[in-house]
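**Student:** Below: one structure in structure tokens.
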Amino acid sequence: MAGDEEANGKDAAMNDTNHSTASSTKKKSKAKPQQLATVGETLSFVWECGSKVRFLLIFGSFAAMLNGLVYPILAYLFSSAFADISSAENEGLKQVRELAYTFMLVGTYALICATIQGWCFEIVAYYGSQAFRLQWFRALLRQDPAYFDVRDIGGLAAQIGPNAGKFRRGVGRKMGEGIQFFTTGVGGLAYAFFSSWRVALVILAIIPFVAIAAMATVFYNQSKGKRAAASYKTAGSVAYSTVSAIRTVLSLNAIPSMVERYQEATSEAYELATQVLIKIGFANGSMLGTFLLLYAALTLYGSALLYRDVEDTGCDPSDGVSGNDTCDNSAPAVFGAMLGVAFAGQGISQFGNATEAFTAARVAVFEALAAIHRLPGADEEIIFKEEEESDADELGNTSHSGKGKDTKESKDTSAALVALADGGKSVQFGKDEKDGEMKPIKAILPKYEIDAFSNEGLKPTDIQGAISFQDVEFNYPTRVNDPILQGLSTEIKAGSTVAFVGPSGGGKSTVIAMIERFYDPSKGSILLDGTNLKDINVKHLRSSIGYVGQEPTLFATSIRGNIRYGKPDATDEEIEEAARLANAHDFITSFTEGYETQCGDKGSQLSGGQKQRIAIARVLVGNPKILLLDEATSALDAESELVVQDALDNILEKKKITTLVVAHRLSTIRNADEINVIVGGKVVEQGTHDELMGMQSYYRRLVDKQEGGGGDSNPSSNPSSRGPSRSNSAADLAKMDSSVMMGRADGAPHIRFRNVTFAYPTRPKKTILNKFNLVVKQGETIALVGPSGQGKSTTVGMIERFYDPTEGTVEYFGTDIKDLNVAWYRDQIGYVGQEPTLFNDTIANNVAYGAPGATREQIEEACKQANAHDFILEFNEGYETPLGEKTALSGGQKQRIAIARALLKSPKVLLLDEATSALDNESEALVQEAIDKLISSGEHTVLMIAHRLSTVRGADKIAVVADGKVVEFGSHDELLLKEDGRYKRLNESSKRTATMASTGLKQTIMSTVDEDEEEEEKHDWEKIEAELQEKAFNMQRARELASPDMFFICIGSIGAVMAGGVFPMWGVLFSETINILYRRVEPCDNALGEIPGGFDTCEDYWEDSADDMRDSSFTVAIFWGVVFVGCIIGNILTFWGFGMASERMNKRIRDSTFSALLRQEVAFFDKHSVGSITSQLQDDAAKLHAFSGEPIRAFVVASSSVLTGLVLSFIFMWPFALLAIGCVPLMGFATSIEMKQFLGEDEGTDSAADELNSPGGIIVETLLNIRTVSALTLEEQRFADYEKALLNSEPNHRFEAFMGGVTSGLSMFIQQWINALQMWFGGWLLFTFPEDYEFNDFLIANFAVLFALFGLGAAFQDVSDSNAVKVSAGRIFYLLDRVSAIDPMSEEGKKLDVDVSC
């Protein structure tokens, strides 16, 4: 059952890409406290980069401190400025001019400091993040394979890039800003207390509310992208799993189910997104509103301090009247204290934001240190399973997930281990020293002793290849209570070929892994030429071994580059010689670019046989002393297998290499010098093929079972006399077509191919089916056999109507399937492929995808028919056991569930495409038994494709498909009687005794190599589609997308008017507050009778002035409160209204686009990668809110703010308003930069998706194929490749760092130079036109526009790139309008009365 080794042992030993993340069905765990690296550990990556980087860090920190003093300086300047300007009309422009120059100097100072700060910290972050990436990657390459068994390799591969990004943010720009704003906070408070400690204390009481609101706003603004990604994660997962398994989904008619699941996910995402809208609105409103309250407090308390002094002493609060004493509590002191605390509050909130970024960097570093600090000699570690890890991890004991959920204990593990029974399984428990609790053990990571980077150990130069296993015991780290090898002993002679066979879980692949020294025995020893493997240098040992597995990993480089990985210093001649030995040279040279042909991701541009032969050449170029072949030909068709096997035979004949072979196809190991049968971790039988067949052995039973009781007799003549010619002449083919077309009278034609010609849309010039004819009678079992790439699986795609013929017809009971309703027709068909797709759901629901309305009884009955019921009940949760796309089920279990799923809808036709070829002997037998039972029932018409000819002998008819035609047709016995028949040769090629020469295949294959290996054609369909998408965009249609949401848009617009109006009103009230504080009190002398304003006494004048200040302060404070309320309400309405409109439209677009996507024919999916389809679905839908909430909100807020500000400015001082209009673009740019800094900029989400040869791509490719990298000793090479790619990834990093600093400083530079200009011009107007303008006119005209510009910056900080939005909209409109050639959701088409037709 789920305890087999190939479901886990092989996972841990040789498979490179099976470490999947946990199923999404797990319960959400409680948030655990994040573990942090120390500050020293975090900065060590920077400090170790050298003296230049250390100098830049120190110099940048100094510049950041100087930059942080800008706001305290401005607090002083602004508090002094108004006294100077207010006196301009009486005392001239000298002071105003000096003030303007001072503002210009401050702007220049800020630009210089910010540039140095930004440049230094970006350079520091660049080098620090480079060191972080390199050290982490090198540390991972250094780890032993056991390390990756207990961790999620995919997760590790995906972590390095994003974590490096977090590190770079935390120790780069954000750390500089942290120092800057900390200085601002301290400096602001110091200046505030220096100016007026009383006011400072009052304002400080309000600052915590400002800081809380600011941090909330920053949090929501920065995490917008992350929240959106998180909320639509489930929808994205549904989309990905659907598109990646689109053929399975279509064959099951599961489109409606998937659409329903997607809509449920988007509904959940919609709820998550909309439930925080009011909070976001309140946070943004509170951010500004608390500042309004701060000014209200200043107005009331600050003016009270002043008017009391005025009333008592007649002093001048403005500090701008000559001849009168300035009050002890002057306006500059009070206003300066307020500005100092306000700036300090902003600084402190931003310091918190920077601290959060640095904390994220510390978290990222902690995750890296797990590998960096694990050095050779590290003690054994216990990794405990946390409570939240669901039982799904226990299925098959194959849990590899470890993302932050594991607790470790590295002390002696021999004590405190307890085995308890859990549902029939033995679970190991151990004591967690951290909390003293007994916890289930997830894995035990052994002592770290296998270091591929070490130079220690023996390096024998003359390896003979004699291998000895002496009482070896071993269990995988993730299976602490499940031993794999249990005292295994065997001797392998130097130069011999030894095969290992036996049931899954016996330990065959583990033997291979032990020889590679991926693991060390827990007991016993392994010797090479009498030397313990532990004493041999790891890299030297592995470089002496050649390994070829079932699915070889090729890297994303040229064929030459892939072969050279086997020997980095290999010459071109050596590479070509190795290719010749591997029977690869001829097909390589048939490519236009020959050895420079790119292999693609994992060799995707090559066929299975080609990849395998290149992998063999890669091994041979290194001249290995030992050759390990682990199912090296099992995934190939019979002819490809023969080519590869012939290559291996030639090698073994020419070079006496010690060879170990693991095989399920026993025909491939008959000529081995010795066969070892491994059962239960021990060698139970040993001998040659003939010796083992001569006794009642386990091996004999395996052979008999696989060969179907020995039906291999062949009445033909000596095969060596046959020539290499084709088996059929043109006349024979014509006769065959006629025979196949006619069929027999007994039995109704169920499916008929009539002269079908077909080429895949992505390769229209390569004909796959060429006038293909075939009749499948009702109730008949037809098997299709033949070499790969000749059209067998294509016929399945045609029957499923994944594609339509270019010419000819496919008929179902005499009706062209084009005329049938697609969904109805596919319900008549059940499909089971080689690699079945299971979804993130329970077993019961996975089976029910075949018939959504099925009852539990029907589901169980289908599982019984598929031989799946019994093993399902063995799981703790039975039919409710949760699964995922990469489940912990064995191959045979997954296959039987897939068969049950196909049977549930009672299909009339059953398509079996290599349904057993990927399984081991025992699993194949169980699945084959289920298939045989279905065939014998006679209830289904069966079409099966198989490479293992033993599985098709019982078929009613066998069709040999080659060159897109049926070249032979008949029963097994009939076809074996054909002289020089193609089937007969295939049958012989499946026997180990066959050779390419004896079967006549070599010439056949070589003569067709140009055709079979035709290069991928280049088409311009991408360009054509892009043009169609561009044409599909329509602005009017885009705007109409939001029409169902006009109610919410109206509500949002009302709020936007209120929110936008806050800024100019803020400016007006700010002006009034300053006017109150800077009230000029003229000198008064009772004795001389010089009493201003016609009052009787100076006391009356002072009292009147004080009363006016008090009354005005109360009035202004009330208005501050009104604007505060308007700010809160306006922002809540704005974010709720436009947010609801955006999310409603977002959901509609996602739902309709996903439905439109799933309506498309399979050819559409062939032209687009799964990643591009699903990511564009997510990204495009997210961008289209630019046609609903976002631009309208920005426009209304900006219009309300700027227009109101300009109107007020024109009313009070129109010449100044004209100047302000000229400054609007520059100030708008500057304030947008500043608002992004203070309100927080959306940082989006970190992505690990990279091009293959980018640094991230190399990491992913390397870690996901770490076993191959280790076997080829490529650690140093891959590290060098990564380092080179990393250095080339940012060639302009210095210039970009400099420009980043300049951009940051430009904001302050522009603002202060414009402030200087406006201050001077305002003073000039007051001096030149004293009769027309007063000081308050200037204040209102200035600040109404200035604060309106803050509204402009805030409004447009998130506006999307219009071009990108148009591209996204065009793609969506194109998809929505695209008419599918084969629409699975169409209601059109006939639905036959099958019973009548039968």
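Simple scheme: letters A, B, ... for chains in structure tokens order, numbers from 1 for residues in each chain, numbers from 1 for ligands in the order shown.
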Compile the contact shell of Ala844 (chain A) as JSON, numbers by chain: residues with an atom at most 8 Å away, counting only C-alpha atoms, same-chain residues fewer than 4 positions apart removed.

**Tutor:** {"A": [848, 856, 859, 879, 880]}

**Student:** Please identify all polymer residues within 9 Å of region 334-339 of chain A, counting only C-alpha atoms, omitting same-chain residues fewer than 5 positions from it, and present them as a VMD selection string.

**Tutor:** chain A and resid 71 to 72 74 to 80 188 to 189 191 to 200 203 294 to 295 298 302 to 303 305 to 306 329 344 1074 1077

**Student:** Give me the residues within 9 Å of Phe802 (chain A) as a ChimeraX atom specification, counting only C-alpha atoms and dropping any in the same chain fewer than 6 places off.

**Tutor:** /A:247,250-251,796,1161-1163,1382

**Student:** Could you dump the residues just selected with N, CA and C atoms as a PDB file, in the first residue's frame?

**Tutor:**
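Ended up saving to part28.pdb:
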ATOM      1  N   ARG A 247      -6.807  18.738 -20.122  1.00  0.00           N
ATOM      2  CA  ARG A 247      -7.323  17.568 -20.839  1.00  0.00           C
ATOM      3  C   ARG A 247      -8.114  16.664 -19.898  1.00  0.00           C
ATOM      4  N   LEU A 250     -11.425  18.437 -19.238  1.00  0.00           N
ATOM      5  CA  LEU A 250     -12.328  18.330 -20.389  1.00  0.00           C
ATOM      6  C   LEU A 250     -12.860  16.912 -20.541  1.00  0.00           C
ATOM      7  N   SER A 251     -11.986  15.923 -20.347  1.00  0.00           N
ATOM      8  CA  SER A 251     -12.429  14.538 -20.521  1.00  0.00           C
ATOM      9  C   SER A 251     -13.476  14.161 -19.476  1.00  0.00           C
ATOM     10  N   VAL A 796      -6.353   9.376 -29.537  1.00  0.00           N
ATOM     11  CA  VAL A 796      -7.129   9.570 -28.315  1.00  0.00           C
ATOM     12  C   VAL A 796      -7.633  11.003 -28.240  1.00  0.00           C
ATOM     13  N   GLU A1161     -10.741  25.686 -27.047  1.00  0.00           N
ATOM     14  CA  GLU A1161     -10.308  24.360 -27.456  1.00  0.00           C
ATOM     15  C   GLU A1161      -8.894  24.106 -26.954  1.00  0.00           C
ATOM     16  N   VAL A1162      -8.489  22.846 -26.963  1.00  0.00           N
ATOM     17  CA  VAL A1162      -7.184  22.473 -26.423  1.00  0.00           C
ATOM     18  C   VAL A1162      -6.048  23.157 -27.183  1.00  0.00           C
ATOM     19  N   ALA A1163      -6.236  23.408 -28.470  1.00  0.00           N
ATOM     20  CA  ALA A1163      -5.188  24.061 -29.255  1.00  0.00           C
ATOM     21  C   ALA A1163      -4.821  25.420 -28.678  1.00  0.00           C
ATOM     22  N   ILE A1382     -14.117  24.366 -30.387  1.00  0.00           N
ATOM     23  CA  ILE A1382     -14.743  23.206 -29.737  1.00  0.00           C
ATOM     24  C   ILE A1382     -15.154  23.668 -28.336  1.00  0.00           C
TER      25      ILE A1382
END

**Student:** Closest to Asn1131 (chain A) among A:Val1260, A:Thr217, A:Ser489, A:Lys52, using only C-alpha atoms?

**Tutor:** A:Thr217

**Student:** From the list A:Val321, A:Val480, A:Ala663, A:Ala915, which residue is nearest Leu702 (chain A) when using only C-alpha atoms?

**Tutor:**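 Of all the options, A:Ala663 lies closest to Leu702 (chain A).
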
**Student:** For Gly1256 (chain A), which of A:Leu134, A:Ala1182, A:Val960, A:Val96 is the closest residue, counting only C-alpha atoms?

**Tutor:** A:Leu134

**Student:** Applying 9 Å and only C-alpha atoms, which residues near Arg97 (chain A) remain after dropping the ones on its own chain fewer than 5 positions away? List them as a PyMOL selection string.

**Tutor:** chain A and resi 102+1316+1319-1320+1323

**Student:** As a list in words, please: the residues near region 685-688 of chain A (cut-off 9 Å, only C-alpha atoms, same-chain neighbours under 3 positions excluded).

**Tutor:** Arg670, Asn671, Ala672, Asp673, Glu674, Ile675, Asn676, Val677, Ile678, Val679, Glu691, Leu692, Met693, Ser697, Tyr698 and Tyr699 of chain A

**Student:** From a DSSP pass on the backbone, collect the residues of region 1013-1232 of chain A flagged as alpha helix (DSSP H) and hand them back as a ChimeraX atom specification.

**Tutor:** /A:1021-1032,1035-1040,1046-1077,1098-1159,1162-1166,1170-1183,1189-1232

**Student:** List the neighbours of region 1329-1339 of chain A out to 7 Å using only C-alpha atoms; skip same-chain residues closer than 2 positions along the sequence, and give me the result as a VMD selection string.

**Tutor:** chain A and resid 86 89 1071 1075 1212 to 1213 1322 1325 to 1327 1341 to 1343

**Student:** Store the residues picked out above in a file with N, CA and C atoms, as a JSON list (two decimals), in the first residue's frame.

**Tutor:**
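Output below, filename part25.json:
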[["chain", "number", "residue", "atom", "x", "y", "z"],
["A", 86, "SER", "N", 5.22, 88.78, 7.64],
["A", 86, "SER", "CA", 4.21, 89.68, 8.18],
["A", 86, "SER", "C", 4.73, 91.11, 8.35],
["A", 89, "GLU", "N", 5.46, 94.26, 4.76],
["A", 89, "GLU", "CA", 4.74, 95.43, 4.26],
["A", 89, "GLU", "C", 5.18, 96.70, 4.98],
["A", 1071, "SER", "N", -3.87, 78.60, 7.66],
["A", 1071, "SER", "CA", -3.60, 80.03, 7.51],
["A", 1071, "SER", "C", -4.23, 80.83, 8.64],
["A", 1075, "ASN", "N", -2.42, 83.05, 11.36],
["A", 1075, "ASN", "CA", -2.82, 84.46, 11.50],
["A", 1075, "ASN", "C", -3.15, 84.79, 12.95],
["A", 1212, "PHE", "N", -8.19, 85.39, -2.78],
["A", 1212, "PHE", "CA", -7.47, 86.15, -1.77],
["A", 1212, "PHE", "C", -6.22, 86.84, -2.32],
["A", 1213, "MET", "N", -5.55, 86.31, -3.33],
["A", 1213, "MET", "CA", -4.34, 86.96, -3.87],
["A", 1213, "MET", "C", -4.09, 86.41, -5.26],
["A", 1322, "GLY", "N", 5.31, 86.37, -2.27],
["A", 1322, "GLY", "CA", 4.26, 86.79, -1.35],
["A", 1322, "GLY", "C", 4.68, 88.02, -0.56],
["A", 1325, "LEU", "N", 4.54, 91.05, -2.84],
["A", 1325, "LEU", "CA", 3.17, 91.55, -3.03],
["A", 1325, "LEU", "C", 2.70, 92.36, -1.82],
["A", 1326, "LEU", "N", 3.00, 91.85, -0.62],
["A", 1326, "LEU", "CA", 2.59, 92.57, 0.59],
["A", 1326, "LEU", "C", 3.30, 93.92, 0.70],
["A", 1327, "PHE", "N", 4.57, 93.96, 0.30],
["A", 1327, "PHE", "CA", 5.34, 95.21, 0.38],
["A", 1327, "PHE", "C", 4.90, 96.19, -0.71],
["A", 1341, "ALA", "N", -3.88, 82.22, 0.32],
["A", 1341, "ALA", "CA", -3.53, 81.97, -1.07],
["A", 1341, "ALA", "C", -2.42, 80.94, -1.18],
["A", 1342, "ASN", "N", -1.47, 81.00, -0.25],
["A", 1342, "ASN", "CA", -0.33, 80.08, -0.29],
["A", 1342, "ASN", "C", -0.73, 78.67, 0.14],
["A", 1343, "PHE", "N", -1.32, 78.58, 1.33],
["A", 1343, "PHE", "CA", -1.54, 77.25, 1.91],
["A", 1343, "PHE", "C", -2.75, 76.54, 1.30]]

**Student:** When you count only C-alpha atoms, which of these residues is closest to Thr757 (chain A): A:Lys682, A:Ala925, A:Gly964, A:Gly40?

**Tutor:** A:Gly964

**Student:** Nearest to Thr510 (chain A): which of A:Glu260, A:Glu491, A:Glu473, A:Asp328 is it, counting only C-alpha atoms?

**Tutor:**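 That would be A:Glu473, the residue with the smallest distance to Thr510 (chain A).
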
**Student:** Enter the distance from CA of Glu1143 (chain A) to CA of Tyr270 (chain A), in Å, rounded to one decimal.

**Tutor:**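 Taking CA of Glu1143 (chain A) and CA of Tyr270 (chain A), their separation equals 6.3 Å.
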
**Student:** Which residues are close to region 272-281 of chain A, i.e. within 10 Å by only C-alpha atoms, leaving aside same-chain residues fewer than 5 positions away? Reply as a ChimeraX atom specification.

**Tutor:** /A:216-217,219-221,224,227-228,230-232,266-267,286-287,1127-1144

**Student:** What's the separation between CA of Lys894 (chain A) and CA of Asp827 (chain A), in Å to one decimal place?

**Tutor:** 21.5 Å

**Student:** Considering only C-alpha atoms, can you say which of A:Cys599, A:Leu252, A:Leu774, A:Ala898 comes closest to Glu835 (chain A)?

**Tutor:** A:Ala898

**Student:** Return as a list in words the full set of residues in region 824-861 of chain A whose backbone-based DSSP assignment is strand (DSSP E or B).

**Tutor:**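 Everything in region 824-861 of chain A that counts as strand (DSSP E or B) is Ile829, Gly830, Tyr831, Val832 and Thr842 of chain A.
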